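Novice: Sending over a structure as structure tokens; questions will come in a sec.
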Amino acid sequence: MSVELPADKITDVQRFDLSVLTRPSAQKFYKRFDGIIIFVLFAFIALGIMLQYSLTAGDWDYWVDWRDRRWWPLVTPITFMIFIGGFMYPVWRAFRLPVIATAVTTLLALSSWVSRYYNFHLFADFPMSFVFPSTYIALGILMDCVLAMTRSMIMTTIVGAFLFAGLLWPVNWPLLAAYKVPVEYNGLLLSVSDLMGYEYVRTTTPEYLRIIEESTLRTFGGSVTPLTAVFAAFASILVFALATMASSAIYNYAGRYTRRIA
Amino acid sequence: MNLGTKFLKLISVLALLVLVSGDAMAHGERAQLASMRMRTVHWFDIKVEPQNAKVGDTIVMTGKFIPSKFWPEQLPSVDDTFFLNVGLPGPKFIRVNSEINGVPMIRSTAAEKGKLYEFKVVVRARVAGRYHMHPLLNVKDAGTLVGKGTWIDVDESDSDAPYVNEVTTMQGDVIDLENYALGNVYFWHVVWIILGVAYLVYWLILPKKGVFIPRYMFIAESGIDKANSLVTKKDFMVSGVFFTVTLAIILTGYLWAESKYPVTIPLQTGKVEVVGYEVPTGGLEIAVENATYELTGRNLSMRTRMKNTSASPIRIAEFITANIRFINDKVPGTGMVAGEEMVSKDGLSVSVDVIAPGQEVDVLLKAEDALWEKYRMTGLIYDPDSRFAGMLFYYDAQGNRYQQEVGGAVLPSNF
């Protein structure tokens, strides 16, 4: 089957015989090809997000005594939005697959566990209770589901990015709450995670290096967490929109260029 | 020479390097600029006891430091923010306590240049091995300043029981920080990973007719306007289920955590204040008139004018700079502590043996030893401001020890 198109549309639509899609031999080949694509794409995503996340938000995720109420929930979703925005548009545009946010967050979780266990725990001797990774998979699922249900990048930007940042704290609270329990130590009030940061020696990560609740932003009635969530959500919308626009421009330019070569 | 031969030679050289290179023996004491080591923090009287321990044993490191009044202008200093730390290869020890002048140093602090600070760090051995333990000051925006290191041997514990690090929360619960709340962490990660993988499997693995090529062909053939038809009603329903289940789990988890841990606090931070002690100078006034560093002789000569305003004769005993001790062996009481490194036992010569009460005299001090070379101190003559500083120690007739900082411009000789 082929579609006749006007000459000015010929660059946007390529001609394929869709009847081959129903052939069993072709389908077998497509499945095998899927395996290759998934392996290559996921390997690239896993390495990419590990690198980007480590460089931009690494310490907030490495150490339990860095996950504060203000900067961790702000920096983390913005970092994700840059990466997810870069991949989500091309994959949606070319395949209509709403999987990138889930893939990015799931692959980061898996690779983080490998890194924390082997590098931080076995090699450097930190207890896992001090260096376990945070989880963002639920946020990725929500974002992808918004894309799948609305089939709109705009709605995904407004609703998906908002949910991703806004729910980051509640998603991680079941993991983190235990580490915010107060202890008294040498006359000072500390959370359990503060105490762990003090006891488990980090030579080049002194206490002052943590960025804890630093800013001149004043909060309403001490409601740091919800205010940060809302601010991070709007910031994420903006960053995701910019990242998506950049990736769409690159994708469309690259598409035209490759078709010209072909 | 062909490529294979070159490659073999390269491998041989690399293998040789691996074989002949020794273990890393320290934490970069020699790496910093000589001027930074001489003119930032003067560490002294550092003791680590015991130096042989077993896992679970407590080790105490004590000592003193004086932030230099000659601190380089371009370098952020301790009068803003610093943290008393301990130089170890990771958490081989648990820091149980640390204090400066009796104030707990769980948080960062600030210090005044020219004042005396006594520190104490208590650690508990956690992992067996041989470690070089240093006191450290992490100075904000400047970096880490390293005190003198001491080797510690830690053997395995006599007990086979796993290592525990128990503390009591303010609610009265006794918790082991080695594996505290890990059950929660594992459970929730498994839940979300299963859900994430299930979502990906639905979209990428379950379609029997393939995913990437058929979808790409369809969009390319049918045009972008019809592309949305690839997301079927079933996909919509499944996504809706994932969306709802995810939100429900998030809500459940949040409410569960709120009920299980009703009392929580935010991370704690901030600075603590510590007051420095006055340095005991013992009535000796010292003015450095000039100083020269002789390259070939490996010595620093300081021509000084000293006036003893005390009622007791004074003898110059020791000069410390950049953690190196130059001792005047004619003065009793200037011994070494067990396991001490960076000591020149007879490296300090003094032109005047005893400075009598009321006497004002020119004194030539010469700190001479190959340690200048070994610890890469000769680089001080290449520093942009060519200045030195160090601590001078001296005793009165009753055996009381006093100290004060000396410093100034230094000129090289025998260029």
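Residue names in the structure tokens use chain letters A, B, ... in the order shown, residue numbers from 1 in each chain, and ligand numbers from 1 in the order shown.
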Could you write out, as a PyMOL selection string, all the residues of stretch 35-100 of chain B that DSSP marks as strand (DSSP E)?
Specialist: chain B and resi 41-49+52-54+58-67+82-87+93-100
Novice: Limited to C-alpha atoms, could you put the picked residues into a file as a compact mmCIF listing (two decimals), in the first residue's frame?
Specialist:
# COMPACT_ATOMS: atom_id res chain seq x y z
CA VAL B 41 47.43 26.09 59.84
CA HIS B 42 50.20 25.15 62.26
CA TRP B 43 49.47 21.71 63.70
CA PHE B 44 51.36 20.39 66.69
CA ASP B 45 51.22 17.94 69.61
CA ILE B 46 49.23 15.47 67.51
CA LYS B 47 48.81 12.14 69.27
CA VAL B 48 46.87 9.08 68.21
CA GLU B 49 46.27 6.39 70.80
CA ASN B 52 47.12 -0.90 67.34
CA ALA B 53 43.46 -1.74 67.74
CA LYS B 54 40.77 -4.22 66.86
CA THR B 58 38.00 3.31 70.29
CA ILE B 59 40.90 5.45 69.09
CA VAL B 60 41.50 9.01 70.23
CA MET B 61 43.38 11.64 68.25
CA THR B 62 44.29 14.85 70.05
CA GLY B 63 46.34 17.86 69.11
CA LYS B 64 46.47 21.60 68.69
CA PHE B 65 46.46 24.03 65.83
CA ILE B 66 46.94 27.73 65.32
CA PRO B 67 45.62 29.43 62.17
CA PHE B 82 35.64 25.31 58.27
CA PHE B 83 34.92 21.77 59.42
CA LEU B 84 37.15 19.66 61.64
CA ASN B 85 37.50 16.39 59.78
CA VAL B 86 39.57 13.28 59.92
CA GLY B 87 41.57 12.00 56.96
CA PHE B 93 36.13 4.19 61.33
CA ILE B 94 33.02 5.70 62.82
CA ARG B 95 33.47 9.20 64.16
CA VAL B 96 32.06 9.06 67.67
CA ASN B 97 32.99 12.53 68.82
CA SER B 98 34.98 15.54 67.73
CA GLU B 99 35.52 18.79 69.52
CA ILE B 100 37.57 21.96 69.50
Novice: Hey, what's within 7 Å of stretch 81-91 of chain A if we count only C-alpha atoms and toss same-chain stuff fewer than 5 positions away? As an NGL selection string, please?
Specialist: :A and (49 or 96-97 or 100-101 or 236 or 239-240 or 243-244 or 247-248 or 251)
Novice: Restricted to N, CA and C atoms, what would the selected residues look like written as a compact mmCIF listing (two decimals), in the first residue's frame?
Specialist:
# COMPACT_ATOMS: atom_id res chain seq x y z
N ILE A 49 21.83 8.95 31.58
CA ILE A 49 21.19 9.52 32.78
C ILE A 49 22.09 9.37 33.99
N ARG A 96 5.52 6.84 18.40
CA ARG A 96 4.34 6.98 19.27
C ARG A 96 4.43 6.02 20.46
N LEU A 97 5.59 6.04 21.11
CA LEU A 97 5.78 5.19 22.29
C LEU A 97 5.95 6.07 23.53
N ILE A 100 9.55 6.81 27.56
CA ILE A 100 10.87 7.34 27.90
C ILE A 100 11.01 7.70 29.37
N ALA A 101 10.02 8.36 29.93
CA ALA A 101 10.14 8.77 31.35
C ALA A 101 10.27 7.54 32.25
N SER A 236 9.88 22.78 36.45
CA SER A 236 10.01 21.59 35.61
C SER A 236 9.22 21.74 34.31
N VAL A 239 11.41 23.88 32.10
CA VAL A 239 12.61 23.17 31.63
C VAL A 239 12.22 22.07 30.65
N PHE A 240 11.14 21.36 30.94
CA PHE A 240 10.72 20.29 30.03
C PHE A 240 10.31 20.87 28.67
N ALA A 243 13.48 21.77 26.84
CA ALA A 243 14.20 20.57 26.39
C ALA A 243 13.48 19.91 25.22
N THR A 244 12.15 19.89 25.27
CA THR A 244 11.37 19.28 24.19
C THR A 244 11.51 20.10 22.91
N SER A 247 14.88 19.38 21.46
CA SER A 247 15.00 18.05 20.86
C SER A 247 14.17 17.95 19.59
N SER A 248 13.02 18.63 19.55
CA SER A 248 12.21 18.58 18.32
C SER A 248 12.92 19.29 17.18
N TYR A 251 15.62 16.95 16.06
CA TYR A 251 15.04 15.79 15.39
C TYR A 251 14.57 16.15 13.98
Novice: Tell me as a PDB file with N, CA and C atoms, in the first residue's frame which residues belonging to chain B come within 6 Å of chain A, counting only C-alpha atoms.
Specialist:
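Listed below is the output, result21.pdb:
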ATOM      1  N   GLY B  87      41.157  12.550  58.247  1.00  0.00           N
ATOM      2  CA  GLY B  87      41.569  11.995  56.960  1.00  0.00           C
ATOM      3  C   GLY B  87      41.746  10.497  57.048  1.00  0.00           C
ATOM      4  N   GLY B  90      37.852   6.607  53.648  1.00  0.00           N
ATOM      5  CA  GLY B  90      36.432   6.257  53.754  1.00  0.00           C
ATOM      6  C   GLY B  90      36.058   5.875  55.168  1.00  0.00           C
ATOM      7  N   PRO B  91      34.855   5.325  55.325  1.00  0.00           N
ATOM      8  CA  PRO B  91      34.358   5.059  56.686  1.00  0.00           C
ATOM      9  C   PRO B  91      34.915   3.767  57.269  1.00  0.00           C
ATOM     10  N   ILE B  94      34.192   4.858  62.555  1.00  0.00           N
ATOM     11  CA  ILE B  94      33.023   5.700  62.824  1.00  0.00           C
ATOM     12  C   ILE B  94      33.473   6.834  63.720  1.00  0.00           C
ATOM     13  N   ARG B  95      33.113   8.049  63.327  1.00  0.00           N
ATOM     14  CA  ARG B  95      33.472   9.196  64.162  1.00  0.00           C
ATOM     15  C   ARG B  95      32.461   9.274  65.301  1.00  0.00           C
ATOM     16  N   THR B 169      16.972   6.845  69.506  1.00  0.00           N
ATOM     17  CA  THR B 169      16.268   8.031  69.005  1.00  0.00           C
ATOM     18  C   THR B 169      15.592   8.742  70.168  1.00  0.00           C
ATOM     19  N   MET B 170      15.084   9.933  69.903  1.00  0.00           N
ATOM     20  CA  MET B 170      14.429  10.690  70.974  1.00  0.00           C
ATOM     21  C   MET B 170      13.102  10.055  71.377  1.00  0.00           C
ATOM     22  N   GLU B 178      23.887   0.727  60.838  1.00  0.00           N
ATOM     23  CA  GLU B 178      24.503  -0.067  59.765  1.00  0.00           C
ATOM     24  C   GLU B 178      23.457  -0.582  58.773  1.00  0.00           C
ATOM     25  N   ASN B 179      22.236  -0.818  59.268  1.00  0.00           N
ATOM     26  CA  ASN B 179      21.206  -1.331  58.347  1.00  0.00           C
ATOM     27  C   ASN B 179      19.823  -0.776  58.684  1.00  0.00           C
ATOM     28  N   TYR B 180      19.819   0.416  59.249  1.00  0.00           N
ATOM     29  CA  TYR B 180      18.572   1.006  59.722  1.00  0.00           C
ATOM     30  C   TYR B 180      17.588   1.253  58.566  1.00  0.00           C
ATOM     31  N   LEU B 182      16.466  -0.328  56.234  1.00  0.00           N
ATOM     32  CA  LEU B 182      16.747  -0.818  54.880  1.00  0.00           C
ATOM     33  C   LEU B 182      15.591  -1.656  54.339  1.00  0.00           C
ATOM     34  N   ASN B 184      12.428  -1.002  54.521  1.00  0.00           N
ATOM     35  CA  ASN B 184      11.564  -0.046  53.798  1.00  0.00           C
ATOM     36  C   ASN B 184      12.121   0.246  52.417  1.00  0.00           C
ATOM     37  N   VAL B 185      13.416   0.554  52.430  1.00  0.00           N
ATOM     38  CA  VAL B 185      14.070   0.973  51.187  1.00  0.00           C
ATOM     39  C   VAL B 185      13.966  -0.134  50.148  1.00  0.00           C
ATOM     40  N   TRP B 192       8.381  -0.322  43.036  1.00  0.00           N
ATOM     41  CA  TRP B 192       8.409   0.606  41.899  1.00  0.00           C
ATOM     42  C   TRP B 192       9.138   0.004  40.711  1.00  0.00           C
ATOM     43  N   LYS B 209       3.688  -8.318  17.128  1.00  0.00           N
ATOM     44  CA  LYS B 209       4.054  -8.027  15.743  1.00  0.00           C
ATOM     45  C   LYS B 209       5.242  -7.075  15.641  1.00  0.00           C
ATOM     46  N   GLY B 210       5.908  -6.875  16.757  1.00  0.00           N
ATOM     47  CA  GLY B 210       7.039  -5.955  16.738  1.00  0.00           C
ATOM     48  C   GLY B 210       6.602  -4.553  17.091  1.00  0.00           C
ATOM     49  N   ARG B 215       5.813   0.526  13.801  1.00  0.00           N
ATOM     50  CA  ARG B 215       5.291   1.834  14.191  1.00  0.00           C
ATOM     51  C   ARG B 215       5.930   2.943  13.340  1.00  0.00           C
ATOM     52  N   TYR B 216       7.224   2.808  13.115  1.00  0.00           N
ATOM     53  CA  TYR B 216       7.896   3.825  12.313  1.00  0.00           C
ATOM     54  C   TYR B 216       7.346   3.830  10.885  1.00  0.00           C
ATOM     55  N   ALA B 220       5.426   6.888   9.057  1.00  0.00           N
ATOM     56  CA  ALA B 220       6.040   7.421   7.846  1.00  0.00           C
ATOM     57  C   ALA B 220       5.089   7.299   6.656  1.00  0.00           C
ATOM     58  N   GLU B 221       4.347   6.219   6.616  1.00  0.00           N
ATOM     59  CA  GLU B 221       3.459   5.981   5.489  1.00  0.00           C
ATOM     60  C   GLU B 221       2.163   6.778   5.625  1.00  0.00           C
ATOM     61  N   GLY B 223       1.459   9.365   7.705  1.00  0.00           N
ATOM     62  CA  GLY B 223       1.552  10.778   8.037  1.00  0.00           C
ATOM     63  C   GLY B 223       1.318  11.006   9.520  1.00  0.00           C
ATOM     64  N   PHE B 236      -4.994   3.196  26.067  1.00  0.00           N
ATOM     65  CA  PHE B 236      -5.548   4.253  26.919  1.00  0.00           C
ATOM     66  C   PHE B 236      -5.997   3.673  28.257  1.00  0.00           C
ATOM     67  N   SER B 239      -2.998   2.489  30.349  1.00  0.00           N
ATOM     68  CA  SER B 239      -2.293   3.651  30.902  1.00  0.00           C
ATOM     69  C   SER B 239      -3.077   4.244  32.057  1.00  0.00           C
ATOM     70  N   PHE B 243      -1.752   4.669  35.761  1.00  0.00           N
ATOM     71  CA  PHE B 243      -1.799   6.002  36.358  1.00  0.00           C
ATOM     72  C   PHE B 243      -2.501   5.952  37.720  1.00  0.00           C
ATOM     73  N   ILE B 250       1.341   5.736  45.738  1.00  0.00           N
ATOM     74  CA  ILE B 250       2.030   6.909  46.303  1.00  0.00           C
ATOM     75  C   ILE B 250       1.294   7.387  47.552  1.00  0.00           C
ATOM     76  N   GLY B 253       1.657   4.844  50.426  1.00  0.00           N
ATOM     77  CA  GLY B 253       3.003   4.891  50.998  1.00  0.00           C
ATOM     78  C   GLY B 253       3.207   6.122  51.860  1.00  0.00           C
ATOM     79  N   TYR B 254       2.712   7.246  51.381  1.00  0.00           N
ATOM     80  CA  TYR B 254       2.874   8.491  52.136  1.00  0.00           C
ATOM     81  C   TYR B 254       2.144   8.413  53.476  1.00  0.00           C
ATOM     82  N   ALA B 257       3.928   6.070  55.860  1.00  0.00           N
ATOM     83  CA  ALA B 257       5.130   6.668  56.448  1.00  0.00           C
ATOM     84  C   ALA B 257       4.765   7.697  57.514  1.00  0.00           C
ATOM     85  N   THR B 264       9.096  13.724  62.841  1.00  0.00           N
ATOM     86  CA  THR B 264      10.307  13.842  62.018  1.00  0.00           C
ATOM     87  C   THR B 264      10.755  15.300  62.022  1.00  0.00           C
ATOM     88  N   ILE B 265      12.008  15.499  61.723  1.00  0.00           N
ATOM     89  CA  ILE B 265      12.536  16.869  61.676  1.00  0.00           C
ATOM     90  C   ILE B 265      13.308  17.047  60.370  1.00  0.00           C
ATOM     91  N   GLN B 268      19.422  19.028  59.821  1.00  0.00           N
ATOM     92  CA  GLN B 268      19.940  20.092  60.678  1.00  0.00           C
ATOM     93  C   GLN B 268      21.280  20.601  60.139  1.00  0.00           C
TER      94      GLN B 268
END
Novice: Between atom CA of B:Ile327 and atom CA of B:Ser344, what is the distance in Å, rounded to a tenth?
Specialist: 6.1 Å
Novice: Enter the distance from atom CA of B:Met391 to atom CA of B:Phe70, in Å, rounded to one decimal.
Specialist: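 The value is 11.5 Å.
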Novice: Once DSSP has gone over the backbone, tell me which residues of stretch 150-309 of chain B are in helix (DSSP H, G or I), as a PyMOL selection string.
Specialist: chain B and resi 182-205+212-222+224-230+233-260
Novice: Determine the nearest neighbour of B:Lys260 from the options B:Ile11, B:Gly240, B:Ala181, B:Pro357, counting only C-alpha atoms.
Specialist: B:Ala181
Novice: What's around stretch 146-162 of chain B at 6 Å? Count only C-alpha atoms, leave out sequence neighbours fewer than 4 positions away in its own chain, and write the answer as a PDB file with C-alpha atoms, in the first residue's frame.
Specialist:
ATOM      1  CA  TRP B  43      49.471  21.709  63.700  1.00  0.00           C
ATOM      2  CA  GLN B  51      47.973   2.796  67.263  1.00  0.00           C
ATOM      3  CA  ASN B  52      47.118  -0.902  67.342  1.00  0.00           C
ATOM      4  CA  ALA B  53      43.463  -1.744  67.739  1.00  0.00           C
ATOM      5  CA  LYS B  54      40.770  -4.216  66.858  1.00  0.00           C
ATOM      6  CA  VAL B  55      37.483  -3.639  65.096  1.00  0.00           C
ATOM      7  CA  ALA B 128      40.298  -4.050  59.625  1.00  0.00           C
ATOM      8  CA  GLY B 129      43.360  -2.692  57.834  1.00  0.00           C
ATOM      9  CA  ARG B 130      46.326  -0.337  58.064  1.00  0.00           C
ATOM     10  CA  TYR B 131      45.384   3.314  57.812  1.00  0.00           C
ATOM     11  CA  HIS B 132      47.084   6.688  57.828  1.00  0.00           C
ATOM     12  CA  MET B 133      44.982   8.943  60.013  1.00  0.00           C
ATOM     13  CA  HIS B 134      45.253  12.720  59.770  1.00  0.00           C
ATOM     14  CA  PRO B 135      43.438  15.613  61.325  1.00  0.00           C
ATOM     15  CA  LEU B 136      41.959  17.786  58.597  1.00  0.00           C
ATOM     16  CA  ASN B 323      54.065  19.863  59.897  1.00  0.00           C
TER      17      ASN B 323
END
